file work.txt (compact mmCIF, C-alpha atoms and all ligand atoms)
# COMPACT_ATOMS: atom_id res chain seq x y z
CA MET A 47 -3.83 5.41 2.31
CA SER A 48 -2.90 2.83 -0.36
CA GLU A 49 -5.25 -0.07 -0.95
CA PRO A 50 -3.32 -3.31 -1.39
CA ASN A 51 -3.05 -4.43 -4.98
CA LEU A 52 -4.24 -7.85 -3.90
CA THR A 53 -5.24 -11.15 -5.50
CA VAL A 54 -6.63 -13.82 -3.17
CA VAL A 55 -6.41 -17.18 -4.94
CA ASN A 56 -9.50 -18.90 -3.62
CA HIS A 57 -9.54 -21.90 -5.93
CA PRO A 58 -11.05 -24.89 -4.06
CA LEU A 59 -7.84 -26.93 -4.41
CA VAL A 60 -5.81 -24.09 -2.89
CA GLN A 61 -8.23 -23.68 0.00
CA HIS A 62 -8.42 -27.44 0.65
CA LYS A 63 -4.64 -27.83 0.78
CA LEU A 64 -4.29 -24.74 2.95
CA THR A 65 -6.78 -26.11 5.49
CA ILE A 66 -4.71 -29.28 5.88
CA MET A 67 -1.55 -27.21 6.28
CA ARG A 68 -3.12 -25.10 9.03
CA ASP A 69 -4.05 -28.18 11.09
CA VAL A 70 -1.64 -28.62 14.00
CA GLY A 71 -1.75 -32.41 13.50
CA THR A 72 -0.36 -32.27 9.96
CA PRO A 73 3.15 -33.74 9.95
CA THR A 74 6.20 -31.99 8.49
CA SER A 75 6.39 -34.21 5.40
CA THR A 76 2.76 -33.50 4.46
CA PHE A 77 3.12 -29.80 5.23
CA ARG A 78 6.17 -29.59 2.94
CA GLN A 79 4.49 -31.48 0.12
CA LEU A 80 1.34 -29.35 0.33
CA LEU A 81 3.36 -26.15 0.31
CA ARG A 82 5.07 -27.35 -2.85
CA GLU A 83 1.71 -28.11 -4.49
CA LEU A 84 0.19 -24.83 -3.34
CA SER A 85 3.12 -22.78 -4.56
CA LEU A 86 2.68 -24.22 -8.02
CA LEU A 87 -0.97 -23.17 -8.00
CA LEU A 88 -0.07 -19.69 -6.75
CA ALA A 89 2.67 -19.34 -9.39
CA TYR A 90 0.13 -20.24 -12.04
CA GLU A 91 -1.89 -17.15 -11.06
CA VAL A 92 1.18 -14.93 -10.75
CA CYS A 93 2.31 -15.88 -14.26
CA ARG A 94 -1.08 -15.23 -15.83
CA ASP A 95 0.00 -11.99 -17.52
CA LEU A 96 3.47 -13.03 -18.71
CA GLU A 97 4.10 -11.82 -22.22
CA THR A 98 4.41 -14.22 -25.12
CA GLU A 99 5.68 -13.96 -28.66
CA LEU A 100 4.80 -16.05 -31.68
CA VAL A 101 7.54 -18.38 -32.90
CA GLU A 102 7.45 -20.62 -35.89
CA ILE A 103 7.45 -24.35 -35.14
CA THR A 104 6.72 -27.41 -37.19
CA THR A 105 4.16 -29.85 -35.87
CA PRO A 106 4.12 -33.38 -37.33
CA LEU A 107 1.59 -31.97 -39.81
CA GLU A 108 2.59 -28.43 -40.75
CA LYS A 109 4.43 -25.23 -39.91
CA PHE A 110 2.68 -23.11 -37.33
CA LYS A 111 3.23 -19.87 -35.37
CA ALA A 112 2.72 -20.60 -31.67
CA PRO A 113 3.19 -18.56 -28.47
CA LYS A 114 6.28 -18.86 -26.26
CA LEU A 115 7.30 -16.79 -23.25
CA GLU A 116 9.27 -13.73 -24.32
CA GLY A 117 11.87 -11.58 -22.63
CA LYS A 118 14.45 -12.28 -19.97
CA LYS A 119 13.85 -15.29 -17.75
CA LEU A 120 11.88 -14.39 -14.66
CA CYS A 121 13.46 -14.50 -11.23
CA PHE A 122 11.98 -16.00 -8.08
CA VAL A 123 13.41 -14.32 -5.01
CA SER A 124 13.12 -16.32 -1.82
CA ILE A 125 13.14 -14.61 1.55
CA LEU A 126 15.09 -17.11 3.65
CA ARG A 127 14.38 -19.45 5.11
CA ALA A 128 10.67 -20.20 4.79
CA GLY A 129 10.54 -18.70 1.29
CA ASN A 130 12.45 -21.74 0.07
CA GLY A 131 9.38 -23.84 0.79
CA LEU A 132 7.56 -21.91 -1.94
CA LEU A 133 10.39 -22.17 -4.46
CA ASP A 134 10.29 -25.84 -5.42
CA GLY A 135 6.73 -25.87 -6.71
CA MET A 136 7.31 -22.63 -8.58
CA LEU A 137 10.43 -24.05 -10.22
CA ASP A 138 8.44 -27.15 -11.19
CA LEU A 139 6.16 -24.80 -13.12
CA VAL A 140 8.85 -22.47 -14.50
CA PRO A 141 12.02 -24.60 -14.58
CA SER A 142 14.04 -22.04 -16.50
CA ALA A 143 13.49 -19.29 -13.94
CA ARG A 144 16.47 -17.77 -12.13
CA VAL A 145 16.53 -17.73 -8.34
CA GLY A 146 17.67 -15.06 -5.90
CA HIS A 147 17.91 -15.31 -2.12
CA ILE A 148 17.55 -12.63 0.51
CA GLY A 149 18.35 -13.62 4.08
CA LEU A 150 16.35 -11.71 6.64
CA TYR A 151 15.42 -12.65 10.17
CA ARG A 152 12.99 -10.95 12.47
CA ASP A 153 14.54 -9.48 15.59
CA PRO A 154 12.31 -11.11 18.22
CA ASP A 155 12.12 -7.93 20.31
CA THR A 156 11.58 -5.26 17.67
CA LEU A 157 10.05 -7.55 14.98
CA GLN A 158 12.23 -5.56 12.54
CA PRO A 159 14.07 -7.39 9.71
CA VAL A 160 17.84 -7.81 9.87
CA GLU A 161 19.59 -8.68 6.56
CA TYR A 162 22.35 -11.31 6.65
CA TYR A 163 22.53 -12.55 3.04
CA MET A 164 21.71 -11.51 -0.50
CA LYS A 165 22.51 -13.11 -3.86
CA LEU A 166 20.69 -12.23 -7.08
CA PRO A 167 21.07 -13.19 -10.74
CA ASP A 168 22.43 -10.62 -13.20
CA LYS A 169 20.33 -8.10 -15.13
CA ILE A 170 17.74 -7.97 -12.38
CA GLY A 171 16.27 -4.82 -13.91
CA ASP A 172 15.27 -6.74 -17.05
CA ARG A 173 13.45 -9.52 -15.22
CA LEU A 174 10.08 -9.92 -13.57
CA CYS A 175 10.99 -10.58 -9.93
CA VAL A 176 8.57 -12.74 -7.93
CA VAL A 177 9.38 -12.40 -4.23
CA VAL A 178 8.20 -15.35 -2.15
CA ASP A 179 7.65 -15.70 1.59
CA PRO A 180 4.85 -17.86 3.04
CA MET A 181 3.78 -15.38 5.74
CA LEU A 182 3.07 -11.66 5.25
CA ALA A 183 2.76 -10.88 8.95
CA THR A 184 4.01 -7.44 10.07
CA GLY A 185 5.08 -6.82 6.48
CA ASN A 186 8.48 -5.57 7.64
CA SER A 187 10.57 -8.33 6.00
CA ALA A 188 8.64 -8.14 2.74
CA VAL A 189 8.99 -4.35 2.63
CA ALA A 190 12.75 -4.60 3.31
CA ALA A 191 13.29 -7.34 0.71
CA VAL A 192 11.45 -5.39 -1.99
CA GLU A 193 13.34 -2.22 -1.05
CA ARG A 194 16.67 -4.08 -1.52
CA LEU A 195 15.50 -5.42 -4.88
CA LYS A 196 14.54 -1.93 -6.01
CA ASP A 197 17.96 -0.67 -4.83
CA MET A 198 19.53 -3.34 -7.04
CA GLY A 199 17.57 -2.10 -10.06
CA ALA A 200 14.44 -4.29 -10.12
CA THR A 201 11.45 -2.48 -11.59
CA ARG A 202 8.89 -5.25 -12.15
CA ILE A 203 8.14 -7.01 -8.87
CA LYS A 204 5.32 -9.20 -7.55
CA PHE A 205 4.99 -10.60 -4.04
CA VAL A 206 3.58 -14.05 -3.22
CA CYS A 207 2.66 -15.39 0.20
CA LEU A 208 0.49 -18.17 1.51
CA LEU A 209 -1.15 -16.17 4.30
CA ALA A 210 -1.40 -12.43 4.83
CA ALA A 211 -2.41 -10.42 7.89
CA PRO A 212 -4.41 -7.21 7.30
CA GLU A 213 -1.71 -5.31 9.22
CA GLY A 214 1.04 -6.58 6.91
CA LEU A 215 -0.98 -5.87 3.80
CA LYS A 216 -1.42 -2.26 4.89
CA VAL A 217 2.27 -1.75 5.69
CA PHE A 218 3.32 -3.35 2.41
CA ALA A 219 0.84 -1.41 0.28
CA GLU A 220 1.94 1.87 1.82
CA ALA A 221 5.62 1.12 1.16
CA HIS A 222 5.22 -0.50 -2.28
CA PRO A 223 1.89 0.42 -3.89
CA ASP A 224 3.34 -0.63 -7.25
CA VAL A 225 3.88 -4.27 -6.20
CA PRO A 226 0.93 -6.68 -6.61
CA ILE A 227 0.40 -9.22 -3.83
CA PHE A 228 -0.86 -12.77 -4.34
CA THR A 229 -2.02 -14.87 -1.39
CA ALA A 230 -4.18 -17.87 -0.58
CA SER A 231 -5.83 -16.16 2.40
CA VAL A 232 -6.12 -12.92 4.32
CA ASP A 233 -6.39 -14.00 7.94
CA ARG A 234 -7.98 -12.16 10.87
CA GLU A 235 -5.10 -10.38 12.62
CA LEU A 236 -1.62 -10.48 14.11
CA ASN A 237 -1.20 -11.49 17.73
CA ASP A 238 1.12 -9.70 20.18
CA HIS A 239 4.06 -11.88 19.10
CA GLY A 240 3.65 -11.06 15.42
CA TYR A 241 1.98 -14.38 14.51
CA ILE A 242 -0.85 -14.50 12.02
CA MET A 243 -4.17 -15.62 13.56
CA PRO A 244 -5.62 -18.19 13.00
CA GLY A 245 -2.59 -18.80 10.77
CA LEU A 246 -0.57 -22.00 10.68
CA GLY A 247 2.16 -21.31 13.24
CA ASP A 248 5.79 -20.75 12.36
CA ALA A 249 6.05 -21.62 8.68
CA GLY A 250 9.81 -22.29 8.82
CA ASP A 251 9.49 -24.61 11.82
CA ARG A 252 6.59 -26.50 10.30
CA LEU A 253 8.39 -26.82 6.98
CA TYR A 254 11.71 -28.03 8.36
CA GLY A 255 10.58 -29.77 11.57
CA THR A 256 12.59 -27.41 13.78
CA LYS A 257 11.39 -25.91 17.06
N1 LIG B 301 6.01 -15.97 10.49
C1 LIG B 301 5.50 -17.21 10.63
O1 LIG B 301 6.16 -18.20 10.33
N2 LIG B 301 4.25 -17.35 11.12
C2 LIG B 301 3.49 -16.30 11.46
O2 LIG B 301 2.35 -16.48 11.89
C3 LIG B 301 4.04 -15.00 11.30
C4 LIG B 301 5.29 -14.88 10.80

call {"tool": "encode", "arguments": {"input": "work.txt", "output": "structure tokens"}}
result
Amino acid sequence: MSEPNLTVVNHPLVQHKLTIMRDVGTPTSTFRQLLRELSLLLAYEVCRDLETELVEITTPLEKFKAPKLEGKKLCFVSILRAGNGLLDGMLDLVPSARVGHIGLYRDPDTLQPVEYYMKLPDKIGDRLCVVVDPMLATGNSAVAAVERLKDMGATRIKFVCLLAAPEGLKVFAEAHPDVPIFTASVDRELNDHGYIMPGLGDAGDRLYGTK
């Protein structure tokens, strides 16, 4: 059985913001703002091993070879719709990144993902793809999204979520042992309706004030 290739970002700021997001009394506007802040902090970790090259610049004092990101611009891939809540903070940190969208919803009876939309930037095989979805619950949507990306030619993929369930981590690691996962927390379990416990509820509803 594959062990998840997992990084839990347990920085105190991440954990503090996550606790406020979990609280049922936190209003939509605060939830959205915190998700934006948290996604920036998660992206910081995800980008830790990006490659750089030395380029010559001139400071006000002298010429100097300094590091800049190298290679094709990375691509954030949002699993709609809650993934979009993670995008803004990540784009604040990496404004030149490209963005792809994959529309998947969970069939409420089978909990299986159904694809209804996909749009990706060109040359996906040359880019690091960072797939974002706040909740890794059953793992089915994440597995399907990464499968589609691989079908389209992506070879370097990372997955970022806010919360992960042990069940989802296992399913994901078995399907995609080559894809590292970044999360702010591994929670206790999934309940019978596929919700992460203790979790934070429905991320899309809390983000957009729907229900
Ligand atoms: N999706 C959510 O939004 N919340 C969960 O707990 C599980 C899946």

call {"tool": "closest_atom_pairs", "arguments": {"input": "work.txt", "of": "range 190-218 of chain A", "to": "range 128-143 of chain A", "cutoff": "9 Å", "atoms": "all atoms listed in the file", "output": "JSON lines"}}
result
{"residue": "A:Val206", "atom": "CA", "partner": "A:Leu132", "partner_atom": "CA", "distance": 8.9}
{"residue": "A:Cys207", "atom": "CA", "partner": "A:Leu132", "partner_atom": "CA", "distance": 8.4}
{"residue": "A:Leu208", "atom": "CA", "partner": "A:Leu132", "partner_atom": "CA", "distance": 8.7}

call {"tool": "residues_near_ligand", "arguments": {"input": "work.txt", "ligand": "ligand LIG 301 (chain B)", "cutoff": "8 Å", "atoms": "all atoms listed in the file", "output": "number ranges by chain"}}
result
A: 128, 180-184, 236, 240-243, 245-251

call {"tool": "residues_around", "arguments": {"input": "work.txt", "residues": "Ala190 in chain A", "least_positions_apart": "3", "cutoff": "12 Å", "atoms": "only C-alpha atoms", "output": "PyMOL selection string"}}
result
chain A and resi 125+148-152+158-161+164+177+184-187+193-197+217-218+221-222

call {"tool": "residues_around", "arguments": {"input": "work.txt", "residues": "Leu64 in chain A", "least_positions_apart": "2", "cutoff": "10 Å", "atoms": "all atoms listed in the file", "output": "NGL selection string"}}
result
:A and (58-62 or 66-69 or 77 or 80-81 or 84 or 208-209 or 230-231 or 245-246)

call {"tool": "closest_residue", "arguments": {"input": "work.txt", "among": "A:Lys204, A:Lys114, A:Lys216, A:His147", "to": "Leu88 in chain A", "atoms": "all atoms listed in the file"}}
result
A:Lys204

call {"tool": "atom_distance", "arguments": {"input": "work.txt", "atom1": "CA of Thr76 in chain A", "atom2": "CA of Asp233 in chain A"}}
result
21.8 Å

call {"tool": "residues_around", "arguments": {"input": "work.txt", "residues": "Thr98 in chain A", "least_positions_apart": "3", "cutoff": "8 Å", "atoms": "only C-alpha atoms", "output": "ChimeraX atom specification"}}
result
/A:113-116

call {"tool": "axis_aligned_box", "arguments": {"input": "work.txt", "around": "range 222-230 of chain A", "padding_each_side": "3 Å", "output": "AutoDock Vina command-line options"}}
result
--center_x 0.5 --center_y -8.7 --center_z -3.9 --size_x 15.4 --size_y 24.3 --size_z 12.7

call {"tool": "closest_residue", "arguments": {"input": "work.txt", "among": "A:Leu52, A:Arg78, A:Asp172, A:Lys63", "to": "Arg252 in chain A", "atoms": "only C-alpha atoms"}}
result
A:Arg78
